[in-house]
$ cat input_18.cif   # mmCIF, C-alpha atoms and all ligand atoms
data_target
loop_
_atom_site.label_atom_id
_atom_site.label_comp_id
_atom_site.auth_asym_id
_atom_site.auth_seq_id
_atom_site.Cartn_x
_atom_site.Cartn_y
_atom_site.Cartn_z
CA MET A 16 0.00 0.00 0.00
CA ALA A 17 1.50 3.33 -1.03
CA ALA A 18 1.80 5.94 1.74
CA THR A 19 0.93 9.61 1.18
CA PHE A 20 2.64 12.38 3.09
CA ARG A 21 1.06 15.77 3.64
CA THR A 22 4.08 17.47 5.18
CA ILE A 23 7.82 17.04 5.31
CA LYS A 24 7.45 16.39 9.04
CA ASP A 25 5.26 13.40 8.24
CA TRP A 26 7.93 12.09 5.88
CA GLU A 27 10.63 12.50 8.53
CA VAL A 28 8.54 10.68 11.12
CA PHE A 29 7.96 7.92 8.62
CA VAL A 30 11.69 7.58 7.85
CA ASP A 31 12.56 7.52 11.57
CA PHE A 32 9.95 4.90 12.11
CA LYS A 33 11.31 2.75 9.28
CA LYS A 34 14.83 3.15 10.66
CA GLU A 35 13.65 1.96 14.03
CA ILE A 36 11.98 -1.08 12.50
CA ILE A 37 15.18 -1.99 10.65
CA GLN A 38 17.19 -1.59 13.85
CA LEU A 39 14.70 -3.74 15.77
CA ARG A 40 14.93 -6.40 13.11
CA GLU A 41 18.71 -6.39 13.36
CA GLU A 42 18.47 -6.69 17.12
CA ARG A 43 16.08 -9.60 16.78
CA VAL A 44 18.51 -11.43 14.50
CA ASN A 45 21.33 -10.78 16.98
CA LEU A 46 19.22 -11.99 19.86
CA GLN A 47 18.24 -15.11 17.95
CA SER A 48 21.84 -16.02 17.29
CA GLU A 49 22.72 -15.32 20.91
CA VAL A 50 19.90 -17.59 22.11
CA PHE A 51 21.11 -20.22 19.66
CA SER A 52 24.68 -20.15 20.95
CA LEU A 53 23.46 -20.09 24.58
CA LYS A 54 21.31 -23.13 23.87
CA LYS A 55 24.31 -24.87 22.34
CA SER A 56 26.58 -24.19 25.31
CA LEU A 57 23.82 -25.20 27.74
CA LYS A 58 23.45 -28.49 25.90
CA LYS A 59 27.21 -29.04 26.09
CA GLU A 60 27.16 -28.19 29.79
CA ILE A 61 24.36 -30.70 30.43
CA GLU A 62 26.20 -33.40 28.46
CA ASN A 63 29.36 -32.69 30.40
CA ARG A 64 27.48 -32.91 33.65
CA GLU A 65 25.85 -36.20 32.68
CA TYR A 66 29.26 -37.58 31.72
CA LEU A 67 30.78 -36.51 35.05
CA GLU A 68 27.85 -37.95 36.98
CA GLY A 69 28.33 -41.23 35.11
CA GLU A 70 32.04 -41.24 35.94
CA ILE A 71 31.34 -40.55 39.62
CA ALA A 72 28.79 -43.36 39.75
CA LYS A 73 31.30 -45.66 38.07
CA LEU A 74 33.99 -44.79 40.64
CA GLY A 75 31.49 -45.35 43.43
CA ARG A 76 30.67 -48.81 42.13
CA LEU A 77 34.36 -49.64 41.76
CA ASN A 78 34.94 -48.54 45.33
CA ILE A 79 32.21 -50.77 46.73
CA ILE A 80 33.52 -53.71 44.74
CA GLY A 81 37.01 -52.95 46.00
CA GLN A 82 35.87 -53.07 49.60
CA LEU A 83 33.94 -56.28 49.03
CA ALA A 84 36.95 -57.79 47.33
CA ALA A 85 39.30 -56.94 50.16
CA GLY A 86 36.98 -58.45 52.73
CA LEU A 87 35.93 -61.61 50.98
CA GLY A 88 38.79 -62.55 48.68
CA HIS A 89 41.14 -64.05 51.23
CA GLU A 90 38.43 -65.83 53.15
CA ILE A 91 37.26 -67.66 50.04
CA ARG A 92 40.71 -68.39 48.72
CA ASN A 93 42.01 -70.32 51.70
CA PRO A 94 39.38 -73.08 51.70
CA MET A 95 39.69 -73.27 47.92
CA THR A 96 43.42 -73.92 48.20
CA THR A 97 42.68 -76.77 50.63
CA ILE A 98 40.09 -78.29 48.28
CA ARG A 99 42.48 -78.01 45.33
CA GLY A 100 45.21 -79.75 47.31
CA PHE A 101 42.94 -82.68 48.21
CA LEU A 102 41.69 -82.97 44.64
CA GLN A 103 45.27 -83.15 43.37
CA MET A 104 46.08 -85.81 45.96
CA LEU A 105 43.02 -87.91 45.05
CA GLN A 106 43.76 -87.47 41.35
CA SER A 107 46.99 -89.41 41.75
CA LYS A 108 45.34 -92.42 43.51
CA THR A 109 45.37 -95.42 41.16
CA ASP A 110 41.94 -96.71 42.19
CA LEU A 111 40.41 -93.33 41.24
CA LEU A 112 41.99 -93.14 37.79
CA VAL A 113 38.58 -93.64 36.11
CA PHE A 114 37.56 -90.26 37.50
CA GLN A 115 40.64 -88.53 36.10
CA ASN A 116 38.56 -86.31 33.79
CA TYR A 117 36.30 -85.20 36.63
CA PHE A 118 39.29 -84.26 38.76
CA GLU A 119 40.82 -82.26 35.93
CA LEU A 120 37.56 -80.43 35.36
CA MET A 121 37.12 -79.66 39.08
CA ILE A 122 40.67 -78.31 39.33
CA GLU A 123 40.19 -76.19 36.18
CA GLU A 124 36.97 -74.73 37.54
CA LEU A 125 38.66 -73.95 40.85
CA ASP A 126 41.50 -72.21 38.99
CA ARG A 127 38.99 -70.15 37.05
CA ALA A 128 37.23 -69.11 40.25
CA ASN A 129 40.62 -68.28 41.68
CA LEU A 130 41.41 -66.06 38.69
CA ILE A 131 38.20 -64.13 39.21
CA ILE A 132 39.14 -63.61 42.84
CA THR A 133 42.63 -62.45 41.82
CA ASN A 134 41.01 -59.85 39.59
CA PHE A 135 38.65 -58.90 42.39
CA LEU A 136 41.54 -58.48 44.81
CA SER A 137 43.33 -56.15 42.43
CA LEU A 138 40.32 -53.89 42.71
CA ALA A 139 40.84 -53.58 46.45
CA LYS A 140 41.88 -50.03 47.05
CA ASN A 141 44.05 -50.49 50.09
CA LYS A 142 46.11 -53.29 48.58
CA PRO A 143 49.78 -52.84 49.49
CA THR A 144 51.94 -52.02 46.49
CA GLU A 145 55.66 -52.21 45.93
CA ILE A 146 56.55 -49.17 43.93
CA LYS A 147 59.94 -48.97 42.24
CA ARG A 148 61.43 -46.90 39.44
CA VAL A 149 61.14 -49.18 36.44
CA ASN A 150 61.79 -49.10 32.73
CA LEU A 151 58.49 -50.14 31.20
CA ASN A 152 60.33 -51.62 28.18
CA LYS A 153 62.17 -54.08 30.45
CA LEU A 154 58.89 -55.15 32.03
CA LEU A 155 57.32 -55.64 28.60
CA GLU A 156 60.34 -57.57 27.30
CA ASN A 157 59.99 -60.00 30.22
CA LEU A 158 56.28 -60.35 29.60
CA PHE A 159 56.59 -60.72 25.84
CA PRO A 160 57.21 -64.51 25.65
CA LEU A 161 53.97 -65.05 27.56
CA LEU A 162 52.06 -62.81 25.15
CA ILE A 163 53.59 -64.53 22.12
CA ALA A 164 52.52 -67.90 23.54
CA ASP A 165 49.00 -66.58 24.14
CA ALA A 166 48.82 -65.18 20.61
CA TYR A 167 50.32 -68.32 19.09
CA SER A 168 47.75 -70.57 20.76
CA GLN A 169 45.02 -68.55 18.98
CA ASP A 170 46.82 -68.41 15.58
CA LYS A 171 47.54 -64.73 16.04
CA LYS A 172 50.64 -62.57 16.13
CA CYS A 173 52.04 -60.11 18.63
CA ILE A 174 54.75 -57.52 18.12
CA PHE A 175 56.47 -55.17 20.54
CA GLN A 176 57.92 -51.84 19.42
CA PRO A 177 59.79 -50.27 22.33
CA GLY A 178 60.41 -46.54 22.12
CA LYS A 179 62.93 -44.42 23.99
CA ILE A 180 61.11 -43.71 27.24
CA LYS A 181 61.80 -42.38 30.73
CA GLU A 182 61.59 -44.64 33.75
CA ILE A 183 58.41 -44.49 35.85
CA ASP A 184 57.48 -45.33 39.45
CA ILE A 185 55.25 -48.41 39.36
CA ASP A 186 54.52 -51.74 40.98
CA SER A 187 55.67 -54.21 38.31
CA ASN A 188 53.11 -56.85 39.29
CA GLU A 189 50.23 -54.46 38.90
CA ILE A 190 51.36 -53.09 35.58
CA THR A 191 51.97 -56.64 34.36
CA GLN A 192 48.34 -57.43 35.18
CA LEU A 193 47.21 -54.29 33.39
CA VAL A 194 49.20 -55.12 30.23
CA LEU A 195 48.05 -58.75 30.28
CA ASN A 196 44.42 -57.71 30.48
CA LEU A 197 44.66 -55.17 27.67
CA ALA A 198 46.66 -57.59 25.51
CA ARG A 199 44.28 -60.49 26.12
CA ASN A 200 41.28 -58.33 25.29
CA GLY A 201 43.04 -57.26 22.10
CA LEU A 202 43.87 -60.85 21.14
CA GLU A 203 40.33 -62.00 21.92
CA ALA A 204 38.90 -59.23 19.72
CA MET A 205 40.77 -60.44 16.62
CA GLN A 206 40.20 -63.15 14.04
CA PRO A 207 43.00 -65.68 13.42
CA ASN A 208 46.05 -64.09 11.69
CA GLY A 209 45.37 -60.77 13.40
CA CYS A 210 48.34 -58.92 14.85
CA LEU A 211 48.54 -57.22 18.24
CA THR A 212 50.99 -54.31 18.46
CA ILE A 213 52.37 -53.11 21.76
CA GLU A 214 54.27 -49.84 21.68
CA THR A 215 55.90 -47.46 24.10
CA PHE A 216 56.74 -43.83 23.41
CA MET A 217 57.03 -40.39 25.00
CA GLU A 218 54.34 -37.76 24.54
CA GLU A 219 55.36 -34.46 26.12
CA ASP A 220 55.86 -35.39 29.78
CA SER A 221 53.98 -38.68 29.66
CA VAL A 222 55.24 -42.19 29.10
CA VAL A 223 52.69 -43.87 26.85
CA LEU A 224 51.93 -47.56 26.45
CA SER A 225 49.67 -48.49 23.57
CA VAL A 226 48.02 -51.82 22.83
CA LYS A 227 46.59 -51.97 19.34
CA ASP A 228 44.50 -54.76 17.87
CA GLU A 229 42.99 -55.48 14.48
CA GLY A 230 39.55 -56.42 15.77
CA LYS A 231 36.29 -54.94 14.54
CA GLY A 232 36.18 -52.19 17.13
CA ILE A 233 33.79 -51.33 19.93
CA ASP A 234 30.39 -49.82 19.14
CA GLU A 235 29.25 -46.58 20.74
CA GLU A 236 26.82 -48.21 23.14
CA ASN A 237 29.47 -50.56 24.55
CA LEU A 238 32.14 -47.87 24.57
CA LYS A 239 30.17 -46.07 27.30
CA LYS A 240 30.14 -49.22 29.42
CA LEU A 241 33.89 -49.92 29.22
CA GLY A 242 35.25 -50.18 32.75
CA ASP A 243 31.87 -50.93 34.33
CA PRO A 244 32.35 -53.89 36.67
CA PHE A 245 30.86 -57.08 35.15
CA PHE A 246 30.27 -55.55 31.73
CA THR A 247 31.20 -58.24 29.22
CA THR A 248 30.14 -59.26 25.73
CA LYS A 249 31.93 -62.62 25.96
CA GLU A 250 30.30 -65.91 26.78
CA ASN A 251 32.98 -66.75 29.33
CA GLY A 252 33.98 -63.20 30.20
CA THR A 253 34.14 -61.86 33.75
CA GLY A 254 33.86 -58.17 32.93
CA LEU A 255 36.52 -57.51 35.56
CA GLY A 256 39.59 -57.06 33.36
CA LEU A 257 39.04 -53.45 32.38
CA PRO A 258 37.73 -52.29 35.79
CA MET A 259 40.98 -53.69 37.16
CA CYS A 260 43.01 -51.80 34.53
CA PHE A 261 41.20 -48.54 35.32
CA THR A 262 41.69 -49.01 39.07
CA ILE A 263 45.40 -49.73 38.65
CA ALA A 264 45.90 -46.81 36.25
CA ASN A 265 44.12 -44.55 38.70
CA ARG A 266 46.63 -45.42 41.41
CA TYR A 267 49.46 -44.06 39.25
CA HIS A 268 47.46 -41.05 38.06
CA ALA A 269 47.69 -42.62 34.62
CA HIS A 270 44.96 -42.09 32.03
CA ILE A 271 43.48 -44.75 29.80
CA ASP A 272 42.10 -43.60 26.45
CA VAL A 273 40.48 -45.69 23.77
CA ASP A 274 40.61 -45.14 20.05
CA THR A 275 38.32 -47.48 18.17
CA GLY A 276 37.02 -47.99 14.66
CA PRO A 277 36.14 -50.73 12.17
CA ASP A 278 39.86 -51.52 11.67
CA GLY A 279 40.58 -52.13 15.34
CA THR A 280 40.98 -50.68 18.77
CA THR A 281 43.93 -49.05 20.51
CA PHE A 282 44.13 -48.60 24.26
CA PHE A 283 46.55 -45.87 25.38
CA VAL A 284 47.82 -45.77 28.94
CA ARG A 285 49.50 -42.43 29.68
CA PHE A 286 51.73 -42.41 32.77
CA PRO A 287 52.89 -39.08 34.14
CA ARG A 288 56.66 -38.77 34.56
CA PRO A 289 57.88 -38.95 38.19
CA CYS A 290 57.64 -35.50 39.84
CA ASP A 291 61.36 -35.28 40.63
CA GLU A 292 62.16 -35.91 36.96
CA ILE A 293 60.32 -32.89 35.65
CA GLU A 294 62.83 -30.08 35.21
N1 LIG B 301 40.29 -54.55 22.43
C1 LIG B 301 38.95 -54.69 22.49
N2 LIG B 301 38.21 -54.82 21.37
C2 LIG B 301 36.88 -54.96 21.41
N3 LIG B 301 36.16 -55.01 22.56
C3 LIG B 301 36.82 -54.88 23.72
C4 LIG B 301 38.25 -54.72 23.75
N4 LIG B 301 38.62 -54.62 25.05
C5 LIG B 301 37.49 -54.72 25.79
N5 LIG B 301 36.42 -54.89 25.00
C6 LIG B 301 35.02 -55.01 25.45
O1 LIG B 301 34.94 -54.72 26.83
C7 LIG B 301 34.36 -55.82 27.54
C8 LIG B 301 34.91 -55.88 28.95
O2 LIG B 301 36.28 -56.26 28.94
P1 LIG B 301 36.90 -56.87 30.26
O3 LIG B 301 36.59 -55.97 31.42
O4 LIG B 301 38.33 -57.18 30.01
O5 LIG B 301 36.07 -58.20 30.51
P2 LIG B 301 36.07 -59.56 29.65
O6 LIG B 301 37.30 -59.57 28.78
O7 LIG B 301 36.07 -60.62 30.69
O8 LIG B 301 34.81 -59.52 28.86
C9 LIG B 301 34.62 -57.03 26.67
O9 LIG B 301 33.70 -58.06 26.89
C10 LIG B 301 34.51 -56.44 25.27
O10 LIG B 301 33.17 -56.33 24.86
MG MG B 302 39.22 -59.09 29.47
#
$ encode --input "input_18.cif" --output "structure tokens"
Amino acid sequence: MAATFRTIKDWEVFVDFKKEIIQLREERVNLQSEVFSLKKSLKKEIENREYLEGEIAKLGRLNIIGQLAAGLGHEIRNPMTTIRGFLQMLQSKTDLLVFQNYFELMIEELDRANLIITNFLSLAKNKPTEIKRVNLNKLLENLFPLLIADAYSQDKKCIFQPGKIKEIDIDSNEITQLVLNLARNGLEAMQPNGCLTIETFMEEDSVVLSVKDEGKGIDEENLKKLGDPFFTTKENGTGLGLPMCFTIANRYHAHIDVDTGPDGTTFFVRFPRPCDEIE
């Protein structure tokens, strides 16, 4: 609709009015984009909070399991050792030779239960540790024959690529358990002929251990559950291997990160350098 103006004043008022409308429109656009970015950061904040709440709940569960483990582990283990001893003794009796298979099975089952308890005990928080300054490469070299044997028995390969790294303060037994668990998971994730690669290297001030497999990766849903006690996708899994790794890493203020995709999964364990080594 065309406007008619009787006086110049009218025209000026009209122009001012138009100007104001344009300015208001501009402000509206600005406000919209501000609301949009606020919404985005709020969403991020909420996600972050949910993630942290999840992590706290996870730590809480680990703690309870740790306490349970400390209390029960030893009490169950002692009678089991006695039973195992008697089974072994009976196994060697000639008049019981027909039951040889049963004895073997009973001993195997006891050993499996014992393994679960060992994993449980490693979750105990107040477990005494023997911390020494160690070269991680030496520890891995000692462990390597065992890993090769494990890999070989499943028609798979395992290689170790040691890098030039600083020594770190660790309990060798605990870190051995951690490496064994990550390596076994990696081996179990692969088809025959797959190759597991263990590497060590420096990354700024951290000593990094990486365990890389050629499995088919971990889907997003399961990725969130990694480290939850008893989470397993394996028929005979315990779901205690990774919780144990996380608990051990935590003790050394080390971080475990996972990189996964259709070509495989890599677990990175980043150990901080000893405080007195940092110049
Ligand atoms: N390298 C890996 N590749 C694919 N899945 C993995 C890998 N490591 C761990 N997982 C997943 O995490 C689960 C929990 O591992 P873990 O705590 O060691 O228990 P378990 O090996 O007894 O199942 C496994 O069942 C598997 O689904
Ligand atoms: Mg495992």
$ residues_around --input "input_18.cif" --residues "Arg76 of chain A" --least-positions-apart "5" --cutoff "9 Å" --atoms "all atoms listed in the file" --output "mmCIF file with C-alpha atoms, in the frame of the given file"
data_model
loop_
_atom_site.group_PDB
_atom_site.id
_atom_site.type_symbol
_atom_site.label_atom_id
_atom_site.label_comp_id
_atom_site.auth_asym_id
_atom_site.auth_seq_id
_atom_site.Cartn_x
_atom_site.Cartn_y
_atom_site.Cartn_z
ATOM 1 C CA ILE A 71 31.340 -40.550 39.620
ATOM 2 C CA GLY A 81 37.010 -52.950 46.000
ATOM 3 C CA ASP A 243 31.870 -50.930 34.330
ATOM 4 C CA PRO A 244 32.350 -53.890 36.670
#
$ closest_residue --input "input_18.cif" --among "A:His89, A:Arg199, A:Arg64, A:Lys33" --to "Cys173 of chain A" --atoms "all atoms listed in the file"
A:Arg199
$ residues_near_ligand --input "input_18.cif" --ligand "ligand LIG 301 (chain B)" --cutoff "9 Å" --atoms "only C-alpha atoms and all ligand atoms" --output "PyMOL selection string"
chain A and resi 196-205+226-234+237-238+240-260+273+275+279-282
$ residues_near_point --input "input_18.cif" --point "(41.2, -81.0, 42.0)" --cutoff "12 Å" --atoms "only C-alpha atoms" --output "list in words"
Met95, Thr96, Thr97, Ile98, Arg99, Gly100, Phe101, Leu102, Gln103, Met104, Leu105, Gln106, Ser107, Phe114, Gln115, Asn116, Tyr117, Phe118, Glu119, Leu120, Met121, Ile122, Glu123, Glu124, Leu125 and Asp126 of chain A
$ atom_distance --input "input_18.cif" --atom1 "atom CA of Ser168 of chain A" --atom2 "atom CA of Ile263 of chain A"
27.6 Å
$ atom_distance --input "input_18.cif" --atom1 "atom CA of Asp31 of chain A" --atom2 "atom CA of Arg43 of chain A"
18.2 Å
$ closest_residue --input "input_18.cif" --among "A:Ile146, A:Leu161, A:Ile131, A:Leu111" --to "ligand MG 302 (chain B)" --atoms "all atoms listed in the file"
A:Ile131
$ atom_distance --input "input_18.cif" --atom1 "atom CA of Glu70 of chain A" --atom2 "atom CA of Phe261 of chain A"
11.7 Å
$ closest_residue --input "input_18.cif" --among "A:Gln192, A:Asn45, A:Gln82, A:Gln38" --to "ligand MG 302 (chain B)" --atoms "only C-alpha atoms and all ligand atoms"
A:Gln192
$ closest_residue --input "input_18.cif" --among "A:Asp274, A:Leu193, A:Cys210, A:Pro160" --to "ligand MG 302 (chain B)" --atoms "all atoms listed in the file"
A:Leu193
